[in-house]
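These notes are about the structure you will find just below.
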Amino acid sequence: MKKFTCILLILFASSHAIKLPPELQEYVDDLHRICIAQTGITDADHAAYDIVNNPHDSKLMCYMKCLMIEAKWMKPDGEIQYDFIIDTIHPDVKDIIVTALNKCRSIPEGDNLCQKASNLNFCLYGADPVNWYLV
């Protein structure tokens, strides 16, 4: 459950507002390393991501898909697990995340799962730009 809670915190929590417990931060760091390795992006690519001016950056879309699949937010067939996300959410951020997530239940499928993950990510940003950031 810590793994699932962690990704929720990562995608929605402002880095200034919420301090992750050490075990969750360790998992976040591991997840980031896994998805960097799987997708071939660099830390520089990740750091340069600009959701406002280039929300569907081709280098980052499959990284987002990796995050979602590794965290069980998305099944390998592309089905987004909304109920699972809500059921496993950390109570400290549940209200923030559920509100944003409920605004993103109807997103464009996209041409592939990478694009679908990017569409959800962009929707979540639009639903709550203050509390969003990418792990």
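Residues in the structure tokens are named by chain (A, B, ... in the order shown) and by number from 1 within that chain; ligands are numbered from 1 in the order shown.
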
Check the DSSP output for the backbone and give back, as a count of residues only, the residues of range 51-135 of chain A in alpha helix (DSSP H). 43

For range 95-105 of chain A, list every protein, DNA or RNA residue within 7 Å, evaluated using only C-alpha atoms, and leave out those in the same chain fewer than 5 positions away; present the list as JSON, numbers by chain. {"A": [12, 86, 120, 123, 124, 127, 128]}

Generate a file of the selected residues that holds N, CA, C and O atoms, formatted as a PDB file, in the first residue's frame.
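After the write, selection_17.pdb holds the following:
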```
ATOM      1  N   PHE A  12       0.667  14.708  -7.009  1.00  0.00           N
ATOM      2  CA  PHE A  12      -0.194  15.798  -6.579  1.00  0.00           C
ATOM      3  C   PHE A  12       0.394  16.724  -5.528  1.00  0.00           C
ATOM      4  O   PHE A  12      -0.052  17.839  -5.402  1.00  0.00           O
ATOM      5  N   ILE A  86      -8.244   5.730  -5.358  1.00  0.00           N
ATOM      6  CA  ILE A  86      -8.974   6.346  -4.247  1.00  0.00           C
ATOM      7  C   ILE A  86      -8.907   5.484  -2.991  1.00  0.00           C
ATOM      8  O   ILE A  86      -8.721   5.994  -1.887  1.00  0.00           O
ATOM      9  N   LEU A 120      -3.851  11.897 -18.783  1.00  0.00           N
ATOM     10  CA  LEU A 120      -4.282  11.937 -17.378  1.00  0.00           C
ATOM     11  C   LEU A 120      -3.419  12.912 -16.588  1.00  0.00           C
ATOM     12  O   LEU A 120      -3.931  13.722 -15.810  1.00  0.00           O
ATOM     13  N   CYS A 123      -4.452  16.410 -17.346  1.00  0.00           N
ATOM     14  CA  CYS A 123      -5.743  16.691 -16.723  1.00  0.00           C
ATOM     15  C   CYS A 123      -5.581  16.954 -15.222  1.00  0.00           C
ATOM     16  O   CYS A 123      -6.171  17.887 -14.684  1.00  0.00           O
ATOM     17  N   LEU A 124      -4.778  16.127 -14.562  1.00  0.00           N
ATOM     18  CA  LEU A 124      -4.554  16.310 -13.126  1.00  0.00           C
ATOM     19  C   LEU A 124      -3.896  17.653 -12.842  1.00  0.00           C
ATOM     20  O   LEU A 124      -4.234  18.329 -11.864  1.00  0.00           O
ATOM     21  N   ALA A 127      -6.573  20.224 -13.163  1.00  0.00           N
ATOM     22  CA  ALA A 127      -7.520  20.158 -12.051  1.00  0.00           C
ATOM     23  C   ALA A 127      -6.963  20.783 -10.781  1.00  0.00           C
ATOM     24  O   ALA A 127      -7.718  21.294  -9.956  1.00  0.00           O
ATOM     25  N   ASP A 128      -5.645  20.752 -10.615  1.00  0.00           N
ATOM     26  CA  ASP A 128      -5.038  21.305  -9.406  1.00  0.00           C
ATOM     27  C   ASP A 128      -3.570  21.676  -9.661  1.00  0.00           C
ATOM     28  O   ASP A 128      -2.649  21.003  -9.199  1.00  0.00           O
TER      29      ASP A 128
END
```

What's around range 54-70 of chain A at 7 Å? Count only C-alpha atoms, leave out sequence neighbours fewer than 3 positions away in its own chain, and write the answer as number ranges by chain. A: 35-36, 39, 41, 50-51, 73-76, 113-115, 117-118, 122

Would you mind telling me which residue in A:Val52, A:Lys72, A:Asp77, A:Ser106 lies nearest to Pro129 in chain A when using only C-alpha atoms?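 Of A:Val52, A:Lys72, A:Asp77, A:Ser106, the one nearest Pro129 in chain A, counting only C-alpha atoms, is A:Val52.
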
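The shortest atom-to-atom distance to Asn119 in chain A, with only C-alpha atoms taken into account, belongs to A:Ile107 out of A:Leu31, A:Ala48, A:Ile107, A:Ile80.
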
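Interatomic distance, CA of Glu109 in chain A against CA of Asp30 in chain A: 28.0 Å.
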